[in-house]
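Heads up: the structure comes next, in structure tokens.
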Amino acid sequence: MTPAAPLPAPATTPQGTIVVLGGGYDDPTLALLAGLLPTRTAAIEILTTATVEKPARTHAAYARVLAELGCPQAGHLQVDEDHPADAPATLARLRAAALVFVTGGDQERLTELLLGTEFLAVLRQRCRHEAGFILAGTSAGASALGAHMIVGGRGWRSLLAGGIEVIPALAILPGLLIDQHFVERARYPRLLHAVLAHPQLLGLGLSEETGIIFRPGQPPEVFGDEVVVLVDGRHLTATNYHGRPPGQPIGGQGFQVSLLVAGDTIALNSNQ
């Protein structure tokens, strides 16, 4: 194995509040989001781009729970093949929303339909510079918010060269690589592989009903019922990743792995 080069720490937290959830039953997270709003009547937009099957039904289900929580203004923000991201009305609704909630499904649809758009530029700008703005994503909607995302790889084959696929994501959280349904779908191997491929990024494996809230000026904090797995490859001492023939086992030494539960925080810029 060859020595791993030293790498910089991830980027700092944006000025907006960002919430990522590993999937599963979302009602407790919606209650958390409702509590973050400046008022319960603030504008909410539910972005269903990742949801392939019956996105209107998905919106309706979330809107119903939010209404029960006293938040009646939950609109359906449609961005898909028939609803362009940069339509003037869509951009106006994005700029007016206090909260944008990104649903699960197929995260590649989010990058296919949003990368290079004014919609994404506005979303990034609001997250970086607007205190009080809230962006939340669940499942695929969480994975797409990192710098890169994993879109392929299952089981032990994930630890073979070529056994996963990692592609650019929306880079709302540019120092991170986020995986979802992590413990439930046994995704440890593919996250380790992804961090070997991108050791400058912190790998976060989010279990279902578990997530992280990024508040401005505070360390990110875990919430929920299960565990977040953090994989830090910034201090790898050796790796055979580069140039490994397809189908051959990959290796690395010096991973730092943490198991985080509700109330634990993450020091994104720590050099330890």
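Each chain of the structure tokens is named A, B, ... in the order shown, its residues numbered from 1; ligands are numbered from 1 in display order.
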| Spatial neighbours of A:Arg190, 9 Å, only C-alpha atoms, chain gap at least 3 places, as a VMD selection string | chain A and resid 150 152 to 159 163 to 164 186 to 187 193 to 195
How would the residues just picked look written out with all heavy atoms as a compact mmCIF listing (two decimals), in the first residue's frame?
# COMPACT_ATOMS: atom_id res chain seq x y z
N ILE A 150 -23.38 8.16 -3.14
CA ILE A 150 -23.23 6.78 -3.60
C ILE A 150 -24.51 6.36 -4.30
O ILE A 150 -25.60 6.49 -3.73
CB ILE A 150 -22.94 5.84 -2.42
CG1 ILE A 150 -21.76 6.34 -1.60
CG2 ILE A 150 -22.68 4.42 -2.91
CD1 ILE A 150 -21.58 5.63 -0.26
N GLY A 152 -24.54 3.26 -6.23
CA GLY A 152 -24.46 1.84 -6.54
C GLY A 152 -23.55 1.15 -5.55
O GLY A 152 -22.70 1.78 -4.93
N GLY A 153 -23.74 -0.15 -5.38
CA GLY A 153 -22.90 -0.93 -4.49
C GLY A 153 -23.72 -1.64 -3.43
O GLY A 153 -24.47 -1.01 -2.69
N ARG A 154 -23.57 -2.98 -3.38
CA ARG A 154 -24.31 -3.76 -2.39
C ARG A 154 -23.41 -4.85 -1.82
O ARG A 154 -22.63 -5.49 -2.52
CB ARG A 154 -25.55 -4.41 -3.01
CG ARG A 154 -26.56 -3.43 -3.56
CD ARG A 154 -27.77 -4.14 -4.13
NE ARG A 154 -28.51 -4.87 -3.11
CZ ARG A 154 -29.58 -5.63 -3.36
NH1 ARG A 154 -30.03 -5.75 -4.59
NH2 ARG A 154 -30.21 -6.25 -2.38
N GLY A 155 -23.52 -5.05 -0.51
CA GLY A 155 -22.88 -6.18 0.14
C GLY A 155 -21.37 -6.20 0.04
O GLY A 155 -20.72 -5.17 -0.12
N TRP A 156 -20.81 -7.41 0.11
CA TRP A 156 -19.35 -7.56 0.13
C TRP A 156 -18.71 -7.10 -1.15
O TRP A 156 -17.54 -6.70 -1.15
CB TRP A 156 -19.00 -9.03 0.42
CG TRP A 156 -19.43 -9.99 -0.66
CD1 TRP A 156 -20.61 -10.65 -0.75
CD2 TRP A 156 -18.67 -10.38 -1.80
NE1 TRP A 156 -20.66 -11.43 -1.87
CE2 TRP A 156 -19.47 -11.30 -2.53
CE3 TRP A 156 -17.41 -10.06 -2.28
CZ2 TRP A 156 -19.03 -11.89 -3.72
CZ3 TRP A 156 -16.98 -10.65 -3.46
CH2 TRP A 156 -17.79 -11.55 -4.17
N ARG A 157 -19.44 -7.12 -2.25
CA ARG A 157 -18.85 -6.66 -3.53
C ARG A 157 -18.51 -5.18 -3.49
O ARG A 157 -17.73 -4.70 -4.33
CB ARG A 157 -19.81 -6.96 -4.67
CG ARG A 157 -19.99 -8.45 -4.96
CD ARG A 157 -20.97 -8.70 -6.10
NE ARG A 157 -21.11 -10.12 -6.39
CZ ARG A 157 -21.92 -10.95 -5.72
NH1 ARG A 157 -22.66 -10.48 -4.72
NH2 ARG A 157 -21.99 -12.23 -6.04
N SER A 158 -19.06 -4.46 -2.52
CA SER A 158 -18.74 -3.05 -2.40
C SER A 158 -17.29 -2.82 -2.01
O SER A 158 -16.79 -1.69 -2.13
CB SER A 158 -19.65 -2.39 -1.35
OG SER A 158 -21.00 -2.44 -1.75
N LEU A 159 -16.60 -3.85 -1.53
CA LEU A 159 -15.20 -3.70 -1.16
C LEU A 159 -14.26 -4.23 -2.24
O LEU A 159 -13.09 -4.51 -1.97
CB LEU A 159 -14.93 -4.40 0.18
CG LEU A 159 -15.57 -3.70 1.38
CD1 LEU A 159 -15.34 -4.49 2.66
CD2 LEU A 159 -15.02 -2.29 1.53
N GLY A 163 -16.61 -1.69 -7.38
CA GLY A 163 -17.81 -2.26 -6.80
C GLY A 163 -18.86 -1.24 -6.37
O GLY A 163 -19.95 -1.63 -5.96
N ILE A 164 -18.54 0.05 -6.44
CA ILE A 164 -19.52 1.09 -6.14
C ILE A 164 -19.43 2.17 -7.20
O ILE A 164 -18.47 2.23 -7.98
CB ILE A 164 -19.32 1.71 -4.75
CG1 ILE A 164 -18.00 2.52 -4.70
CG2 ILE A 164 -19.35 0.66 -3.66
CD1 ILE A 164 -17.90 3.40 -3.48
N ALA A 186 -27.30 -2.55 5.60
CA ALA A 186 -25.91 -3.05 5.68
C ALA A 186 -24.99 -2.35 4.69
O ALA A 186 -24.32 -2.98 3.87
CB ALA A 186 -25.88 -4.56 5.47
N ARG A 187 -24.92 -1.02 4.78
CA ARG A 187 -24.16 -0.24 3.80
C ARG A 187 -22.77 0.18 4.29
O ARG A 187 -22.15 1.06 3.72
CB ARG A 187 -24.99 0.99 3.40
CG ARG A 187 -26.15 0.58 2.51
CD ARG A 187 -27.08 1.72 2.14
NE ARG A 187 -27.95 1.33 1.04
CZ ARG A 187 -28.95 2.05 0.56
NH1 ARG A 187 -29.22 3.24 1.10
NH2 ARG A 187 -29.68 1.63 -0.44
N HIS A 193 -15.65 2.20 1.14
CA HIS A 193 -15.09 2.31 -0.21
C HIS A 193 -15.19 3.75 -0.70
O HIS A 193 -14.22 4.30 -1.26
CB HIS A 193 -15.85 1.37 -1.14
CG HIS A 193 -15.26 1.24 -2.50
ND1 HIS A 193 -15.48 0.15 -3.32
CD2 HIS A 193 -14.45 2.06 -3.24
CE1 HIS A 193 -14.84 0.30 -4.46
NE2 HIS A 193 -14.21 1.47 -4.43
N ALA A 194 -16.32 4.37 -0.49
CA ALA A 194 -16.51 5.75 -0.97
C ALA A 194 -15.54 6.71 -0.29
O ALA A 194 -15.02 7.63 -0.93
CB ALA A 194 -17.95 6.19 -0.72
N VAL A 195 -15.27 6.50 0.99
CA VAL A 195 -14.32 7.37 1.69
C VAL A 195 -12.90 7.11 1.22
O VAL A 195 -12.09 8.04 1.13
CB VAL A 195 -14.47 7.21 3.21
CG1 VAL A 195 -13.35 7.93 3.96
CG2 VAL A 195 -15.83 7.74 3.67
Please, which residues in stretch 92-186 of chain A fall within 12 Å of stretch 31-42 of chain A when counting only C-alpha atoms, and what is the closest atom pair and distance in Å to one decimal for each, ordered by chain then residue number, as a tab-separated table?
residue	atom	partner	partner_atom	distance
A:Ala96	CA	A:Ala42	CA	9.4
A:Ala97	CA	A:Ala42	CA	7.5
A:Ala98	CA	A:Ala42	CA	6.1
A:Leu99	CA	A:Leu37	CA	7.5
A:Val100	CA	A:Leu33	CA	10.1
A:Phe101	CA	A:Leu33	CA	9.2
A:Ala131	CA	A:Pro38	CA	11.1
A:Gly132	CA	A:Pro38	CA	7.6
A:Phe133	CA	A:Leu37	CA	8.6
A:Ile134	CA	A:Leu36	CA	7.9
A:Leu135	CA	A:Leu33	CA	9.3
A:Ala136	CA	A:Leu33	CA	8.1
A:Gly137	CA	A:Leu33	CA	10.9
Once you have the residues from the selection above, write them out as a PDB file, in the first residue's frame, restricted to all heavy atoms.
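Resulting contents of selection-v9.pdb:
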ATOM      1  N   ALA A  96     -39.380  32.365  -1.595  1.00  0.00           N
ATOM      2  CA  ALA A  96     -40.311  32.771  -0.538  1.00  0.00           C
ATOM      3  C   ALA A  96     -40.420  31.751   0.588  1.00  0.00           C
ATOM      4  O   ALA A  96     -40.940  32.074   1.663  1.00  0.00           O
ATOM      5  CB  ALA A  96     -41.695  33.013  -1.136  1.00  0.00           C
ATOM      6  N   ALA A  97     -39.920  30.539   0.383  1.00  0.00           N
ATOM      7  CA  ALA A  97     -40.116  29.470   1.369  1.00  0.00           C
ATOM      8  C   ALA A  97     -39.240  29.675   2.596  1.00  0.00           C
ATOM      9  O   ALA A  97     -38.056  30.013   2.496  1.00  0.00           O
ATOM     10  CB  ALA A  97     -39.812  28.121   0.732  1.00  0.00           C
ATOM     11  N   ALA A  98     -39.820  29.427   3.762  1.00  0.00           N
ATOM     12  CA  ALA A  98     -39.033  29.390   4.997  1.00  0.00           C
ATOM     13  C   ALA A  98     -38.379  28.031   5.175  1.00  0.00           C
ATOM     14  O   ALA A  98     -37.317  27.921   5.789  1.00  0.00           O
ATOM     15  CB  ALA A  98     -39.927  29.705   6.194  1.00  0.00           C
ATOM     16  N   LEU A  99     -39.007  26.988   4.645  1.00  0.00           N
ATOM     17  CA  LEU A  99     -38.520  25.613   4.743  1.00  0.00           C
ATOM     18  C   LEU A  99     -38.722  24.915   3.417  1.00  0.00           C
ATOM     19  O   LEU A  99     -39.813  24.977   2.844  1.00  0.00           O
ATOM     20  CB  LEU A  99     -39.280  24.862   5.848  1.00  0.00           C
ATOM     21  CG  LEU A  99     -39.220  23.327   5.831  1.00  0.00           C
ATOM     22  CD1 LEU A  99     -37.812  22.820   6.092  1.00  0.00           C
ATOM     23  CD2 LEU A  99     -40.196  22.749   6.874  1.00  0.00           C
ATOM     24  N   VAL A 100     -37.676  24.254   2.931  1.00  0.00           N
ATOM     25  CA  VAL A 100     -37.788  23.354   1.784  1.00  0.00           C
ATOM     26  C   VAL A 100     -37.461  21.952   2.285  1.00  0.00           C
ATOM     27  O   VAL A 100     -36.402  21.723   2.880  1.00  0.00           O
ATOM     28  CB  VAL A 100     -36.831  23.753   0.645  1.00  0.00           C
ATOM     29  CG1 VAL A 100     -36.855  22.698  -0.471  1.00  0.00           C
ATOM     30  CG2 VAL A 100     -37.203  25.120   0.086  1.00  0.00           C
ATOM     31  N   PHE A 101     -38.382  21.018   2.046  1.00  0.00           N
ATOM     32  CA  PHE A 101     -38.226  19.632   2.486  1.00  0.00           C
ATOM     33  C   PHE A 101     -38.097  18.746   1.251  1.00  0.00           C
ATOM     34  O   PHE A 101     -38.988  18.719   0.399  1.00  0.00           O
ATOM     35  CB  PHE A 101     -39.423  19.198   3.330  1.00  0.00           C
ATOM     36  CG  PHE A 101     -39.323  17.795   3.855  1.00  0.00           C
ATOM     37  CD1 PHE A 101     -38.566  17.522   4.984  1.00  0.00           C
ATOM     38  CD2 PHE A 101     -39.970  16.754   3.223  1.00  0.00           C
ATOM     39  CE1 PHE A 101     -38.458  16.227   5.465  1.00  0.00           C
ATOM     40  CE2 PHE A 101     -39.877  15.455   3.700  1.00  0.00           C
ATOM     41  CZ  PHE A 101     -39.123  15.187   4.829  1.00  0.00           C
ATOM     42  N   ALA A 131     -29.688  33.335   7.513  1.00  0.00           N
ATOM     43  CA  ALA A 131     -30.048  32.815   8.827  1.00  0.00           C
ATOM     44  C   ALA A 131     -31.572  32.742   8.917  1.00  0.00           C
ATOM     45  O   ALA A 131     -32.271  33.683   8.557  1.00  0.00           O
ATOM     46  CB  ALA A 131     -29.488  33.710   9.915  1.00  0.00           C
ATOM     47  N   GLY A 132     -32.078  31.619   9.365  1.00  0.00           N
ATOM     48  CA  GLY A 132     -33.526  31.439   9.438  1.00  0.00           C
ATOM     49  C   GLY A 132     -34.068  30.542   8.344  1.00  0.00           C
ATOM     50  O   GLY A 132     -35.148  29.962   8.508  1.00  0.00           O
ATOM     51  N   PHE A 133     -33.361  30.413   7.218  1.00  0.00           N
ATOM     52  CA  PHE A 133     -33.816  29.494   6.176  1.00  0.00           C
ATOM     53  C   PHE A 133     -33.526  28.066   6.611  1.00  0.00           C
ATOM     54  O   PHE A 133     -32.493  27.777   7.221  1.00  0.00           O
ATOM     55  CB  PHE A 133     -33.117  29.799   4.856  1.00  0.00           C
ATOM     56  CG  PHE A 133     -33.483  28.840   3.752  1.00  0.00           C
ATOM     57  CD1 PHE A 133     -34.769  28.798   3.257  1.00  0.00           C
ATOM     58  CD2 PHE A 133     -32.536  27.969   3.226  1.00  0.00           C
ATOM     59  CE1 PHE A 133     -35.123  27.908   2.241  1.00  0.00           C
ATOM     60  CE2 PHE A 133     -32.867  27.084   2.213  1.00  0.00           C
ATOM     61  CZ  PHE A 133     -34.165  27.053   1.718  1.00  0.00           C
ATOM     62  N   ILE A 134     -34.437  27.149   6.269  1.00  0.00           N
ATOM     63  CA  ILE A 134     -34.305  25.749   6.662  1.00  0.00           C
ATOM     64  C   ILE A 134     -34.401  24.872   5.420  1.00  0.00           C
ATOM     65  O   ILE A 134     -35.336  25.007   4.626  1.00  0.00           O
ATOM     66  CB  ILE A 134     -35.409  25.334   7.654  1.00  0.00           C
ATOM     67  CG1 ILE A 134     -35.460  26.296   8.847  1.00  0.00           C
ATOM     68  CG2 ILE A 134     -35.194  23.896   8.137  1.00  0.00           C
ATOM     69  CD1 ILE A 134     -36.764  26.217   9.616  1.00  0.00           C
ATOM     70  N   LEU A 135     -33.443  23.965   5.267  1.00  0.00           N
ATOM     71  CA  LEU A 135     -33.476  22.947   4.217  1.00  0.00           C
ATOM     72  C   LEU A 135     -33.379  21.596   4.898  1.00  0.00           C
ATOM     73  O   LEU A 135     -32.502  21.381   5.748  1.00  0.00           O
ATOM     74  CB  LEU A 135     -32.303  23.128   3.248  1.00  0.00           C
ATOM     75  CG  LEU A 135     -32.130  22.019   2.201  1.00  0.00           C
ATOM     76  CD1 LEU A 135     -33.318  21.979   1.240  1.00  0.00           C
ATOM     77  CD2 LEU A 135     -30.822  22.210   1.432  1.00  0.00           C
ATOM     78  N   ALA A 136     -34.265  20.683   4.533  1.00  0.00           N
ATOM     79  CA  ALA A 136     -34.251  19.343   5.111  1.00  0.00           C
ATOM     80  C   ALA A 136     -34.390  18.313   4.001  1.00  0.00           C
ATOM     81  O   ALA A 136     -35.073  18.549   3.000  1.00  0.00           O
ATOM     82  CB  ALA A 136     -35.380  19.182   6.127  1.00  0.00           C
ATOM     83  N   GLY A 137     -33.739  17.174   4.193  1.00  0.00           N
ATOM     84  CA  GLY A 137     -33.855  16.084   3.236  1.00  0.00           C
ATOM     85  C   GLY A 137     -33.927  14.751   3.959  1.00  0.00           C
ATOM     86  O   GLY A 137     -33.267  14.553   4.986  1.00  0.00           O
TER      87      GLY A 137
END
| said: Taking the DSSP secondary structure from the backbone, can you list the residues of stretch 157-258 of chain A that are strand (DSSP E or B), as a PyMOL selection string? | reply: chain A and resi 160+165-168+173-179+202-206+210-214+221-224+228-232+238-239+249+252-253+256-258
| So how far away is atom CA of A:Val231 from atom CA of A:Leu160, in Å? |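 Going from atom CA of A:Leu160 over to atom CA of A:Val231, I get 18.1 Å.
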| query | What is the distance, in Å and to one decimal place, between atom CA of A:Thr48 and atom CA of A:Ala61? | reply |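 It comes out at 11.8 Å.
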| field | Long-range neighbours of A:Gly141 as a list of chain:residue names, 6 Å cut-off, only C-alpha atoms, 3 positions minimum in chain | value |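 The residues that qualify are A:Val102, A:Thr103, A:Gly104, A:Gly137, A:Thr138, A:Ala144.
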| field | 6 Å contact set for stretch 119-129 of chain A, only C-alpha atoms, chain neighbours under 6 positions out, as a list in words | value | Pro14, Gln15, Gly16, Ala85, Asp86 and Ile172 of chain A
Output C-alpha atoms of each residue in that selection to a file, as an mmCIF file, in the first residue's frame.
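Saved file out17.cif follows:
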data_model
loop_
_atom_site.group_PDB
_atom_site.id
_atom_site.type_symbol
_atom_site.label_atom_id
_atom_site.label_comp_id
_atom_site.auth_asym_id
_atom_site.auth_seq_id
_atom_site.Cartn_x
_atom_site.Cartn_y
_atom_site.Cartn_z
ATOM 1 C CA PRO A 14 -23.669 27.333 6.324
ATOM 2 C CA GLN A 15 -25.722 30.163 7.843
ATOM 3 C CA GLY A 16 -29.029 28.421 7.187
ATOM 4 C CA ALA A 85 -36.515 23.961 -12.151
ATOM 5 C CA ASP A 86 -35.991 27.473 -13.510
ATOM 6 C CA ILE A 172 -25.107 21.959 -0.140
#
| request: For atom CA of A:Leu94 and atom CA of A:Gly203, quote the distance in Å rounded to one decimal. | output: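 Here the two named atoms are 28.8 Å from each other.
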Show me, as JSON lines, the residues of stretch 122-235 of chain A having an atom within 7 Å of stretch 22-30 of chain A, each with the closest atom pair and its distance in Å, using only C-alpha atoms.
{"residue": "A:Thr138", "atom": "CA", "partner": "A:Gly23", "partner_atom": "CA", "distance": 5.3}
{"residue": "A:Ser139", "atom": "CA", "partner": "A:Gly23", "partner_atom": "CA", "distance": 4.3}
{"residue": "A:Gln180", "atom": "CA", "partner": "A:Gly22", "partner_atom": "CA", "distance": 4.4}
{"residue": "A:His181", "atom": "CA", "partner": "A:Gly22", "partner_atom": "CA", "distance": 5.3}
{"residue": "A:Leu206", "atom": "CA", "partner": "A:Gly22", "partner_atom": "CA", "distance": 4.5}
{"residue": "A:Ser207", "atom": "CA", "partner": "A:Gly22", "partner_atom": "CA", "distance": 5.1}
{"residue": "A:Glu208", "atom": "CA", "partner": "A:Gly22", "partner_atom": "CA", "distance": 4.6}
{"residue": "A:Glu209", "atom": "CA", "partner": "A:Gly24", "partner_atom": "CA", "distance": 5.3}
{"residue": "A:Thr210", "atom": "CA", "partner": "A:Gly22", "partner_atom": "CA", "distance": 5.8}
{"residue": "A:Gly211", "atom": "CA", "partner": "A:Gly22", "partner_atom": "CA", "distance": 5.9}
| For A:Ile18, which residue among A:Asn240, A:Thr51, A:Gln218, A:Gln253 is the nearest when counting only C-alpha atoms? |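 Counting only C-alpha atoms, the residue closest to A:Ile18 is A:Gln218.
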| field | Selection near A:Leu260, 8 Å with only C-alpha atoms, sequence-local residues under 6 positions removed, as a PyMOL selection string | value | chain A and resi 222+227-230
What would the file look like if the residues just selected were written as a PDB file, in the first residue's frame with C-alpha atoms?
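So the final result, stored in selection38.pdb, reads:
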ATOM      1  CA  VAL A 222     -27.381  13.875  16.055  1.00  0.00           C
ATOM      2  CA  VAL A 227     -27.084   5.488  15.255  1.00  0.00           C
ATOM      3  CA  VAL A 228     -25.085   7.652  12.864  1.00  0.00           C
ATOM      4  CA  VAL A 229     -21.824   6.093  11.688  1.00  0.00           C
ATOM      5  CA  LEU A 230     -19.032   8.563  10.933  1.00  0.00           C
TER       6      LEU A 230
END
